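Next comes query25.cif, with mmCIF, C-alpha atoms.
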```cif
data_run
loop_
_atom_site.label_atom_id
_atom_site.label_comp_id
_atom_site.auth_asym_id
_atom_site.auth_seq_id
_atom_site.Cartn_x
_atom_site.Cartn_y
_atom_site.Cartn_z
CA MET A 25 -3.33 9.93 -20.02
CA ARG A 26 -6.91 9.73 -21.28
CA GLY A 27 -6.14 6.73 -23.47
CA ALA A 28 -4.43 4.96 -20.57
CA LEU A 29 -7.63 5.23 -18.51
CA THR A 30 -10.07 4.02 -21.15
CA VAL A 31 -10.87 0.79 -22.92
CA LEU A 32 -13.17 0.16 -25.87
CA LEU A 33 -15.08 -3.13 -25.96
CA ARG A 34 -16.24 -4.46 -29.33
CA ASN A 35 -17.45 -7.63 -31.03
CA GLY A 36 -19.44 -8.84 -28.04
CA LEU A 37 -23.08 -9.60 -27.26
CA PHE A 38 -24.05 -6.83 -24.84
CA PHE A 39 -27.11 -7.12 -22.61
CA VAL A 40 -28.98 -3.85 -23.09
CA ASP A 41 -32.69 -3.14 -22.50
CA GLY A 42 -33.54 -6.78 -21.91
CA HIS A 43 -31.81 -8.24 -24.98
CA PHE A 44 -28.38 -9.23 -26.24
CA TRP A 45 -27.17 -6.89 -28.99
CA GLU A 46 -24.49 -7.35 -31.60
CA ASN A 47 -22.60 -4.53 -33.32
CA LEU A 48 -22.33 -2.39 -30.22
CA CYS A 49 -19.16 -0.83 -28.89
CA VAL A 50 -18.87 0.21 -25.24
CA ARG A 51 -16.26 2.52 -23.74
CA LEU A 52 -15.27 2.17 -20.08
CA GLU A 53 -13.45 5.05 -18.45
CA THR A 54 -12.40 5.26 -14.80
CA GLY A 55 -15.09 2.88 -13.62
CA ARG A 56 -17.99 4.10 -15.75
CA VAL A 57 -19.56 3.51 -19.15
CA THR A 58 -18.89 6.78 -20.98
CA ALA A 59 -19.95 5.93 -24.55
CA MET A 60 -21.79 3.19 -26.40
CA GLY A 61 -23.27 2.62 -29.82
CA GLU A 62 -22.52 1.21 -33.21
CA GLY A 63 -19.26 2.21 -34.82
CA VAL A 64 -17.69 4.00 -31.84
CA ALA A 65 -14.12 4.72 -32.95
CA PRO A 66 -11.13 4.18 -30.65
CA LEU A 67 -9.47 7.21 -29.12
CA ALA A 68 -5.79 7.79 -29.72
CA GLY A 69 -3.85 5.32 -27.59
CA GLU A 70 -7.01 3.66 -26.28
CA ALA A 71 -6.94 -0.06 -25.51
CA VAL A 72 -9.37 -2.08 -27.63
CA ILE A 73 -10.64 -5.50 -26.52
CA ASP A 74 -12.06 -7.85 -29.15
CA LEU A 75 -14.58 -9.93 -27.21
CA GLN A 76 -14.83 -12.55 -29.96
CA GLY A 77 -18.56 -12.95 -29.58
CA ASP A 78 -18.61 -13.36 -25.80
CA PHE A 79 -21.59 -12.24 -23.73
CA VAL A 80 -21.24 -9.05 -21.70
CA LEU A 81 -23.55 -8.38 -18.74
CA PRO A 82 -23.97 -5.53 -16.28
CA GLY A 83 -22.22 -5.95 -12.96
CA PHE A 84 -24.24 -7.80 -10.35
CA VAL A 85 -26.08 -6.05 -7.53
CA ASP A 86 -26.33 -7.94 -4.22
CA ALA A 87 -28.98 -6.43 -1.96
CA HIS A 88 -28.38 -8.88 0.90
CA ILE A 89 -24.84 -9.93 1.84
CA HIS A 90 -23.36 -10.12 5.33
CA ALA A 91 -19.76 -10.97 4.61
CA PHE A 92 -17.24 -12.22 2.07
CA ARG A 93 -13.84 -13.94 2.21
CA GLY A 94 -13.34 -13.46 5.91
CA HIS A 95 -14.61 -9.88 6.09
CA ASP A 96 -17.93 -9.21 7.85
CA THR A 97 -20.10 -6.09 7.76
CA MET A 98 -20.31 -6.13 11.56
CA GLN A 99 -16.51 -5.75 11.79
CA GLY A 100 -16.78 -2.20 10.53
CA GLU A 101 -15.28 0.09 7.92
CA ASP A 102 -12.09 -1.77 7.01
CA ALA A 103 -14.00 -5.02 6.51
CA ILE A 104 -16.68 -3.33 4.37
CA ARG A 105 -13.99 -1.75 2.20
CA GLN A 106 -12.27 -5.10 1.75
CA MET A 107 -15.62 -6.70 0.86
CA ALA A 108 -16.11 -4.01 -1.78
CA ARG A 109 -12.72 -4.69 -3.37
CA GLU A 110 -13.13 -8.47 -3.32
CA LEU A 111 -16.71 -8.43 -4.62
CA TYR A 112 -15.71 -6.23 -7.56
CA ARG A 113 -13.33 -8.93 -8.73
CA GLU A 114 -16.26 -11.36 -8.64
CA GLY A 115 -18.35 -9.15 -10.92
CA VAL A 116 -20.39 -7.29 -8.29
CA ALA A 117 -20.88 -3.61 -9.13
CA ALA A 118 -22.87 -2.63 -6.03
CA PHE A 119 -24.08 -4.15 -2.77
CA LEU A 120 -25.78 -3.52 0.55
CA PRO A 121 -23.63 -4.54 3.54
CA THR A 122 -26.13 -6.38 5.71
CA THR A 123 -26.22 -6.23 9.49
CA MET A 124 -27.01 -8.83 12.13
CA SER A 125 -28.86 -8.28 15.40
CA ALA A 126 -26.48 -6.60 17.82
CA SER A 127 -26.37 -4.02 20.58
CA VAL A 128 -27.46 -0.47 19.86
CA GLU A 129 -23.86 0.67 20.16
CA ASP A 130 -22.53 -1.94 17.72
CA THR A 131 -25.33 -1.30 15.25
CA ARG A 132 -24.75 2.46 15.36
CA ARG A 133 -21.01 1.91 14.82
CA VAL A 134 -21.65 -0.21 11.72
CA ILE A 135 -24.14 2.24 10.21
CA ALA A 136 -21.54 5.00 10.67
CA ALA A 137 -18.97 2.78 8.93
CA VAL A 138 -21.33 2.20 6.01
CA ARG A 139 -21.81 5.96 5.71
CA ARG A 140 -18.05 6.57 5.54
CA VAL A 141 -17.64 4.02 2.76
CA MET A 142 -20.60 5.50 0.87
CA ASP A 143 -19.13 8.99 1.11
CA THR A 144 -15.55 7.97 0.25
CA PRO A 145 -15.79 4.85 -1.94
CA GLU A 146 -12.92 2.59 -2.83
CA GLN A 147 -11.48 2.63 -6.34
CA ARG A 148 -12.03 -0.51 -8.45
CA ALA A 149 -14.50 -1.73 -5.87
CA ALA A 150 -18.20 -2.48 -5.68
CA ARG A 151 -20.17 0.58 -4.61
CA VAL A 152 -21.90 0.54 -1.24
CA LEU A 153 -25.43 1.84 -1.80
CA GLY A 154 -26.41 1.85 1.87
CA ALA A 155 -26.97 -0.67 4.61
CA HIS A 156 -29.49 -3.48 4.69
CA MET A 157 -30.50 -3.65 8.37
CA GLU A 158 -31.68 -7.22 8.88
CA ALA A 159 -32.44 -6.51 12.54
CA PRO A 160 -33.60 -5.85 15.19
CA PHE A 161 -37.37 -5.57 14.49
CA LEU A 162 -37.77 -9.33 14.07
CA SER A 163 -39.94 -12.12 15.46
CA PRO A 164 -38.32 -14.40 18.07
CA GLU A 165 -40.33 -17.27 16.55
CA LYS A 166 -38.44 -16.90 13.26
CA ALA A 167 -35.04 -15.75 14.44
CA GLY A 168 -33.00 -18.09 12.23
CA ALA A 169 -29.33 -17.25 12.86
CA GLN A 170 -30.18 -13.83 14.36
CA ARG A 171 -29.61 -13.34 18.10
CA LYS A 172 -32.96 -12.88 19.85
CA GLU A 173 -31.58 -11.02 22.85
CA PHE A 174 -31.17 -7.91 20.72
CA PHE A 175 -34.66 -7.94 19.17
CA LEU A 176 -36.89 -4.88 19.64
CA HIS A 177 -40.40 -3.83 18.74
CA PRO A 178 -40.35 -1.40 15.82
CA SER A 179 -40.47 2.31 16.51
CA TRP A 180 -39.08 5.37 14.76
CA GLU A 181 -37.37 6.44 17.98
CA ALA A 182 -35.56 3.11 18.25
CA PHE A 183 -34.53 3.35 14.60
CA LEU A 184 -33.10 6.84 15.09
CA ASN A 185 -31.15 5.55 18.07
CA LEU A 186 -29.82 2.54 16.16
CA THR A 187 -28.69 4.66 13.22
CA GLY A 188 -27.37 7.62 15.19
CA GLY A 189 -29.90 9.68 13.26
CA ASP A 190 -28.29 8.93 9.87
CA ILE A 191 -31.35 7.27 8.40
CA GLN A 192 -30.23 7.82 4.80
CA ALA A 193 -27.32 5.44 5.37
CA VAL A 194 -29.96 2.68 5.49
CA ARG A 195 -31.37 1.60 2.13
CA VAL A 196 -33.40 -1.44 3.31
CA ILE A 197 -34.67 -2.69 6.65
CA THR A 198 -36.02 -6.19 7.21
CA MET A 199 -38.76 -6.45 9.81
CA ALA A 200 -41.71 -8.51 11.05
CA PRO A 201 -44.95 -6.65 10.24
CA GLU A 202 -47.03 -8.40 12.92
CA LEU A 203 -45.09 -6.76 15.77
CA PRO A 204 -46.61 -3.94 17.85
CA GLY A 205 -45.77 -0.59 16.29
CA ALA A 206 -45.19 -2.03 12.81
CA GLU A 207 -47.76 0.05 10.95
CA ALA A 208 -46.48 3.40 12.19
CA PHE A 209 -42.88 2.39 11.54
CA ILE A 210 -43.49 1.08 8.01
CA ARG A 211 -45.39 4.21 7.03
CA LYS A 212 -42.67 6.47 8.43
CA ALA A 213 -39.86 4.46 6.81
CA ALA A 214 -41.59 4.54 3.44
CA GLU A 215 -42.12 8.30 3.73
CA ASN A 216 -38.37 8.66 4.26
CA GLY A 217 -37.34 6.54 1.29
CA ILE A 218 -36.32 3.45 3.25
CA HIS A 219 -37.39 0.18 1.64
CA VAL A 220 -39.15 -2.11 4.10
CA SER A 221 -38.58 -5.81 3.50
CA ILE A 222 -40.72 -8.40 5.27
CA GLY A 223 -38.71 -11.14 6.92
CA HIS A 224 -37.89 -13.16 10.04
CA THR A 225 -41.59 -13.06 10.66
CA ALA A 226 -44.52 -15.13 11.91
CA ALA A 227 -46.94 -12.98 9.90
CA THR A 228 -49.97 -14.41 8.17
CA ASP A 229 -50.67 -13.99 4.47
CA GLU A 230 -53.17 -11.26 5.33
CA GLN A 231 -50.68 -9.38 7.49
CA VAL A 232 -48.13 -9.33 4.65
CA HIS A 233 -50.68 -7.86 2.22
CA GLN A 234 -51.53 -5.31 4.89
CA ALA A 235 -47.84 -4.41 5.28
CA ALA A 236 -47.73 -3.73 1.54
CA ASP A 237 -50.73 -1.42 2.02
CA TRP A 238 -48.66 0.46 4.60
CA GLY A 239 -45.66 0.76 2.26
CA ALA A 240 -43.57 -2.42 2.43
CA THR A 241 -42.08 -3.29 -0.97
CA ARG A 242 -39.98 -6.43 -0.54
CA VAL A 243 -39.78 -9.86 1.09
CA THR A 244 -36.49 -11.05 2.58
CA HIS A 245 -35.15 -14.48 1.55
CA THR A 246 -38.61 -15.78 0.61
CA TYR A 247 -39.60 -19.08 2.27
CA ASN A 248 -36.75 -18.92 4.83
CA ALA A 249 -37.32 -17.75 8.43
CA GLN A 250 -41.03 -17.07 7.88
CA THR A 251 -44.40 -18.78 8.11
CA PRO A 252 -44.66 -21.57 5.52
CA PHE A 253 -47.06 -21.97 2.61
CA THR A 254 -49.94 -24.35 3.18
CA HIS A 255 -53.18 -24.71 1.24
CA ARG A 256 -55.35 -23.04 3.92
CA ALA A 257 -52.76 -20.72 5.45
CA PRO A 258 -50.44 -19.59 2.65
CA GLY A 259 -48.29 -17.58 5.04
CA VAL A 260 -45.62 -15.12 3.97
CA PRO A 261 -44.77 -16.98 0.74
CA GLY A 262 -48.41 -16.93 -0.35
CA ALA A 263 -48.52 -13.14 -0.16
CA ALA A 264 -45.01 -12.71 -1.54
CA LEU A 265 -45.82 -14.75 -4.63
CA THR A 266 -49.20 -13.20 -5.37
CA ASP A 267 -48.86 -9.54 -4.39
CA ASP A 268 -47.47 -7.72 -7.41
CA ARG A 269 -46.34 -4.82 -5.24
CA LEU A 270 -43.68 -6.97 -3.58
CA PHE A 271 -40.22 -7.91 -4.82
CA ALA A 272 -39.22 -11.37 -3.59
CA GLU A 273 -35.64 -12.16 -2.59
CA PHE A 274 -34.52 -15.77 -2.79
CA ILE A 275 -31.32 -17.73 -2.13
CA GLY A 276 -30.80 -19.95 -5.18
CA ASP A 277 -27.97 -22.10 -3.86
CA GLY A 278 -29.66 -25.51 -3.90
CA VAL A 279 -29.45 -25.63 -0.08
CA HIS A 280 -31.89 -23.08 1.32
CA LEU A 281 -34.73 -24.03 -1.02
CA HIS A 282 -36.02 -27.03 -2.93
CA ASP A 283 -35.62 -26.49 -6.66
CA ASP A 284 -39.38 -26.58 -7.20
CA ALA A 285 -39.90 -23.89 -4.56
CA VAL A 286 -37.58 -21.62 -6.54
CA LYS A 287 -39.35 -22.50 -9.79
CA VAL A 288 -42.72 -21.62 -8.26
CA LEU A 289 -41.33 -18.28 -7.11
CA LEU A 290 -39.91 -17.55 -10.55
CA ARG A 291 -43.18 -18.43 -12.29
CA CYS A 292 -45.15 -16.21 -9.93
CA LYS A 293 -42.82 -13.21 -9.78
CA GLY A 294 -41.41 -13.55 -13.29
CA ALA A 295 -38.37 -11.69 -14.55
CA CYS A 296 -39.66 -8.43 -13.09
CA LYS A 297 -40.00 -9.01 -9.34
CA ALA A 298 -37.71 -11.94 -8.45
CA VAL A 299 -34.47 -10.83 -6.77
CA ALA A 300 -31.45 -13.11 -6.50
CA ILE A 301 -29.37 -12.57 -3.36
CA THR A 302 -26.46 -14.40 -1.79
CA ASP A 303 -27.09 -13.81 1.95
CA SER A 304 -23.44 -14.79 2.15
CA MET A 305 -21.43 -15.07 5.34
CA GLU A 306 -17.66 -14.80 5.74
CA ALA A 307 -16.85 -18.26 4.34
CA ALA A 308 -18.07 -17.30 0.86
CA GLY A 309 -15.06 -17.62 -1.45
CA LEU A 310 -13.09 -19.59 1.16
CA PRO A 311 -12.55 -23.32 1.94
CA ASP A 312 -14.71 -25.39 4.28
CA GLY A 313 -14.02 -24.86 7.96
CA GLU A 314 -15.03 -23.06 11.13
CA TYR A 315 -16.26 -19.49 10.80
CA ALA A 316 -18.58 -17.01 12.52
CA LEU A 317 -21.74 -15.01 11.83
CA GLY A 318 -23.03 -12.37 14.21
CA GLY A 319 -20.76 -13.64 16.97
CA GLN A 320 -21.95 -17.24 16.60
CA ALA A 321 -19.83 -20.21 15.54
CA VAL A 322 -20.64 -21.56 12.07
CA THR A 323 -19.45 -24.76 10.42
CA VAL A 324 -19.16 -24.78 6.63
CA ARG A 325 -19.22 -28.10 4.79
CA GLY A 326 -19.78 -28.29 1.05
CA HIS A 327 -22.29 -25.60 0.18
CA GLU A 328 -23.84 -25.42 3.66
CA ALA A 329 -23.16 -22.97 6.49
CA ARG A 330 -24.81 -23.99 9.77
CA LEU A 331 -24.82 -23.03 13.43
CA HIS A 332 -23.88 -25.85 15.75
CA ASP A 333 -27.58 -26.56 16.39
CA GLY A 334 -28.05 -27.18 12.64
CA THR A 335 -29.70 -23.85 11.80
CA LEU A 336 -28.72 -22.49 8.39
CA ALA A 337 -26.50 -19.44 8.89
CA GLY A 338 -26.37 -17.57 5.62
CA SER A 339 -24.85 -19.03 2.49
CA VAL A 340 -21.51 -19.32 0.70
CA LEU A 341 -23.06 -18.44 -2.65
CA LEU A 342 -21.48 -16.04 -5.15
CA MET A 343 -23.67 -13.87 -7.38
CA ARG A 344 -22.11 -15.35 -10.52
CA GLN A 345 -23.07 -18.80 -9.25
CA ALA A 346 -26.59 -17.58 -8.55
CA PHE A 347 -26.77 -16.38 -12.16
CA GLN A 348 -25.57 -19.71 -13.55
CA ASN A 349 -27.96 -21.63 -11.27
CA LEU A 350 -30.91 -19.68 -12.63
CA MET A 351 -30.26 -21.12 -16.08
CA ALA A 352 -28.81 -24.56 -15.32
CA ARG A 353 -30.88 -25.46 -12.26
CA TYR A 354 -34.07 -23.44 -12.46
CA GLY A 355 -34.68 -23.30 -16.23
CA GLN A 356 -34.55 -19.54 -16.74
CA THR A 357 -33.59 -17.95 -20.04
CA PRO A 358 -30.31 -16.02 -20.03
CA GLU A 359 -32.25 -12.79 -20.47
CA ALA A 360 -34.41 -13.47 -17.40
CA ALA A 361 -31.43 -14.63 -15.34
CA VAL A 362 -29.54 -11.41 -16.08
CA ARG A 363 -32.44 -9.23 -14.95
CA ILE A 364 -32.96 -11.22 -11.75
CA CYS A 365 -29.31 -10.69 -10.76
CA THR A 366 -28.81 -7.10 -11.93
CA GLU A 367 -31.80 -4.95 -12.82
CA ASN A 368 -34.30 -6.35 -10.31
CA PRO A 369 -32.09 -6.01 -7.23
CA THR A 370 -31.36 -2.42 -8.28
CA ARG A 371 -35.04 -1.54 -8.71
CA SER A 372 -36.01 -3.33 -5.50
CA ILE A 373 -33.88 -0.92 -3.46
CA GLY A 374 -34.73 2.21 -5.43
CA ALA A 375 -31.22 2.65 -6.82
CA SER A 376 -30.01 3.82 -10.22
CA GLY A 377 -26.79 3.74 -12.23
CA PHE A 378 -26.32 -0.01 -11.73
CA GLY A 379 -27.91 -3.21 -13.03
CA THR A 380 -27.78 -2.04 -16.66
CA ILE A 381 -25.34 -1.20 -19.43
CA CYS A 382 -25.88 2.45 -20.34
CA VAL A 383 -23.89 5.66 -20.38
CA GLY A 384 -23.12 6.50 -16.77
CA ALA A 385 -23.50 2.94 -15.46
CA GLY A 386 -20.87 1.69 -13.06
CA ALA A 387 -18.26 -0.98 -13.71
CA PRO A 388 -17.45 -3.78 -13.70
CA LEU A 389 -19.16 -5.50 -16.57
CA THR A 390 -18.90 -9.28 -16.65
CA ARG A 391 -17.71 -11.46 -19.51
CA TRP A 392 -19.05 -14.93 -20.33
CA GLY A 393 -18.33 -17.56 -22.98
CA LYS A 394 -20.94 -18.89 -25.35
CA ASP A 395 -21.99 -21.54 -22.81
CA PHE A 396 -22.10 -18.86 -20.10
CA ALA A 397 -18.85 -20.00 -18.59
CA TRP A 398 -17.37 -17.26 -16.39
CA LYS A 399 -14.48 -15.40 -18.04
CA GLY A 400 -14.02 -12.54 -15.59
CA ILE A 401 -14.68 -8.82 -15.37
CA LEU A 402 -14.28 -5.88 -17.70
CA GLY A 403 -13.46 -2.51 -16.22
#
```

Target format structure tokens, applied to this file:
Amino acid sequence: MRGALTVLLRNGLFFVDGHFWENLCVRLETGRVTAMGEGVAPLAGEAVIDLQGDFVLPGFVDAHIHAFRGHDTMQGEDAIRQMARELYREGVAAFLPTTMSASVEDTRRVIAAVRRVMDTPEQRAARVLGAHMEAPFLSPEKAGAQRKEFFLHPSWEAFLNLTGGDIQAVRVITMAPELPGAEAFIRKAAENGIHVSIGHTAATDEQVHQAADWGATRVTHTYNAQTPFTHRAPGVPGAALTDDRLFAEFIGDGVHLHDDAVKVLLRCKGACKAVAITDSMEAAGLPDGEYALGGQAVTVRGHEARLHDGTLAGSVLLMRQAFQNLMARYGQTPEAAVRICTENPTRSIGASGFGTICVGAGAPLTRWGKDFAWKGILG
């Protein structure tokens, strides 16, 4: 039975501690790395895969994803479980189901669903590490595809109400730091281990730095749905790119951002603080057509998802495409691209056990040809 549940990987280039290593062997057993090193011998009856020199990366970690292949976080537990199963097959090891602005009752229902999936995870599925609440403490001026009628000023009491008191089911909350009550909320959230991400905000550069003083650690989809960068008022991007305390999410799909904007972000944040996300909605992995996001109609054409007024409404990006874009479109080395899609998202949400290949790390691993062509998952 033990041999039937394990596989030994050999003759690959494994990404470990920031570099690709030859001569390693890695054992996967029931969804975890259980052994690695040079010269690891096969167990009796164990399957052995000769990788023939292919690259092997940690599974991706997506810290900001609303939906996938027709299943949306806001639909509840069954949809989140299906997302987890589908994302695993695309090489995602862990993710944060991300909410939209909704009623208190609907938000509380979704947070409870996230908790149930966290407590009883699917097999051969991406692990849910908590919710990313992308609402409701947002600025109406920078609503994007979020519904303004559900926006609130930040307060700990409102947060407890929205979560039904289960605050540890929330890993990240996006909020606008210029709103009344923001300082007290950010300090309280940080004290309780919740990562505050600055987004959907009309904040100035100075207000973003101040939010970092209070305990904010991230910026949500940098450049999008926030004050722009100008030479006298650098806005949210100016602070995001220059404050070393802040991780900076970005959507590298060639639609949300000009290529040079992404390159500036990568030069400023480097391979340590840039965080690739998908921000995907339900059409990701599906054909063009009519879909929905947060109860709003969305049209998907090509690589663009838009509300009927033209507002961008999430993306249809896959994490493996984000990884390839980092090299082919934005000029990153493979080593940097791996970190930006695996290790950095994990660190930005204070998680462990993912984003790296080490004993105890979760599957899947991903396999790539010598030109970094996708070959599938391992595990």

Report task. Using the chain letters and numbers from the file, give me the residues hit by the PyMOL selection byres ((chain A and resi 57-73) around 9), as a PyMOL selection string. Result -> chain A and resi 25-35+46-56+74-76+381-387

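Within the file as shown, the PyMOL selection byres ((chain A and resi 232-239) around 9) identifies Pro201, Glu202, Ala206, Glu207, Ala208, Ile210, Arg211, Lys212, Ala213, Ala214, Glu215, His219, Val220, Ile222, Ala227, Thr228, Asp229, Glu230, Gln231, Ala240, Thr241, Arg242, Gly259, Val260, Ala263, Ala264, Asp267, Arg269 and Leu270 of chain A.
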
Report task. Between atom CA of Glu273 of chain A and atom CA of Val243 of chain A, measure the distance and give it in Å to one decimal. Result -> 6.0 Å

For segment 136-141 of chain A, take all atoms listed in the file, fit an axis-aligned box around them, add 8 Å to each of the six sides, then output centre and edge lengths in Å rounded to one decimal, as AutoDock Vina command-line options.
```
--center_x -19.7 --center_y 4.4 --center_z 6.7 --size_x 20.2 --size_y 20.4 --size_z 23.9
```

Requested in this report: Starting from the displayed file, determine the output of the PyMOL selection byres ((chain A and resi 322) around 9) and express the residue list as a PyMOL selection string.
Outcome: chain A and resi 313-317+320-321+323-324+329-332+336-337
